[in-house]
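Data first, discussion second: the structure below is written as structure tokens.
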Amino acid sequence: MKDTQKPGKNGFKFPQQRVKTRITEVKPNHLSTRGYNQEDLIENLSFAEMVFLLLIERLPDEREAKIFNHILVSFCDHGVTPPSTQSARLIASSGANINNAVAGGLLSFGKNHAGAIEKAMELFQESIESLNLEDTDEADVNRKIAGKAIEIVDKYESESKRIPGYGHRYHDKDPRAVKLLDLAISESAIGHHTKLALAIENMLFERKGICLNVDGVNAGLLSDLDFDSSLGLGIFMIGRLPGLVAHAYEEMEEEEKFRRFCDLEDIVYEGFKNRNINDSLDDENL
């Protein structure tokens with residue numbers, strides 16, 4: 001095999017090509033992404049199709065492109081209620097640049113906000129993989145998925161845990177989830193992972209009145225589109241970014257500067273009171 005390393009000081013060798021990528025090739029006067037000329041992509045692809053190509057290394061078919069676009073749109077905004085949006089607006093009110101405000105919003109994503117989609121994708125993908133549904137007739141597929149749903153709900157209930165992707169603090173029935181399912185049904189885009197998500201929802205609704213939320217539905221749909229669970233949060237971020245930009249811009253243009261998180265009278269101090277520095281020093285010297 002040809003040696004691709006150059007000798008360096010003290011006998012160390014350094015690779016001639018230090019960065020390898022399968023995403024975009026850059027040459028003078030030429031760009032190609034995933035093997036496609038970018039000029040052709042600019043002319044022929046929607047933004048959602050381009051994102052799909054970047055992340056999954058192939059072009060989506062017409063149905064996949066529609067579903068993926070619906071998913072991205074569904075993530076765009078949820079008003080001022082999420083911590084990420086509030087963070088972006090607070091940072092914007094300080095006089096920071098819009099990139100700093102948006103970055104602060106993105107950094108607010110964590111296990112309690114936007115973290116459910118990856119967890120739901122992991123759950124659905126691991127569960128469907130464990131069923132070995134290849135070469136299984138449709139009746140048996142549905143039976144196995146229903147059995148797995150029972151197993152999952154019983155397990156989470158026995159451990160007093162919430163299943164990721166279900167329930168919402170503001171919505172009894174998340175309108176985004178309802179619409180996404182309607183669109184997926186109309187496009188015949190309900191695969192095994194989304195079937196499992198729906199089977200779990202049926203049980204949770206019967207027992208507790210809990211429904212799928214936007215994360216749960218999209219976890220099923222993205223899994224059916226062959227996205228790895230580790231991309232879940234990244235896809236959510238792509239969808240939410242325009243909303244964060246809009247909120248940061250609105251804050252800068254229309255709200256008073258240096259917005260207060262709360263008023264002074266709203267703050268209750270519960271720490272030590274009336275401590276004397278001399279008494280503390282005397283106690284330490286005993």
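Residues in the structure tokens are named by chain (A, B, ... in the order shown) and by number from 1 within that chain; ligands are numbered from 1 in the order shown.
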**Message:** Taking only range 2-129 of chain A into account, list the residues labelled alpha helix (DSSP H) by DSSP (computed from the backbone), as an MDAnalysis selection string.
**Reply:** chainID A and resid 38:44 47:56 62:74 83:93 98:107 116:129
**Message:** Which residues are near range 79-96 of chain A? Cut-off 6 Å, only C-alpha atoms, ignore same chain within fewer than 5 positions. Put them as number ranges by chain.
**Reply:** A: 101-102, 104-105, 108, 248, 251-252, 257-259
Selection above as a file: C-alpha atoms, as an mmCIF file, in the first residue's frame:
```cif
data_model
loop_
_atom_site.group_PDB
_atom_site.id
_atom_site.type_symbol
_atom_site.label_atom_id
_atom_site.label_comp_id
_atom_site.auth_asym_id
_atom_site.auth_seq_id
_atom_site.Cartn_x
_atom_site.Cartn_y
_atom_site.Cartn_z
ATOM 1 C CA ALA A 101 -28.652 35.485 20.533
ATOM 2 C CA VAL A 102 -29.435 32.568 18.225
ATOM 3 C CA GLY A 104 -27.675 31.106 23.042
ATOM 4 C CA GLY A 105 -31.042 29.711 22.006
ATOM 5 C CA SER A 108 -30.477 25.941 25.595
ATOM 6 C CA ALA A 248 -34.155 37.524 18.239
ATOM 7 C CA GLU A 251 -36.698 41.477 20.322
ATOM 8 C CA MET A 252 -34.049 43.768 18.877
ATOM 9 C CA LYS A 257 -33.534 47.061 25.745
ATOM 10 C CA PHE A 258 -32.127 45.085 28.668
ATOM 11 C CA ARG A 259 -35.310 43.125 29.276
#
```
**Message:** Using only C-alpha atoms, which protein or nucleic acid residues come within 12 Å of Asn213 in chain A? Drop anything in the same chain fewer than 4 positions from it, and give the result as a ChimeraX atom specification.
**Reply:** /A:74-75,114,116-117,120,163-181,197-198,201,217-220
**Prompt:** In Å to one decimal, how far is CA of Ser230 in chain A from CA of Lys144 in chain A?
**Reply:** 25.6 Å
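Remark: for Arg240 in chain A, the closest of the candidate residues A:Cys76, A:Leu41, A:Leu204, A:Leu264 is A:Cys76 (distances computed over only C-alpha atoms).
Nearest residue to Ala149 in chain A among A:Phe124, A:Phe52, A:Tyr36, A:Phe47 is A:Phe124, counting only C-alpha atoms.
CA of Gly216 in chain A is found 16.3 Å from CA of Lys148 in chain A.
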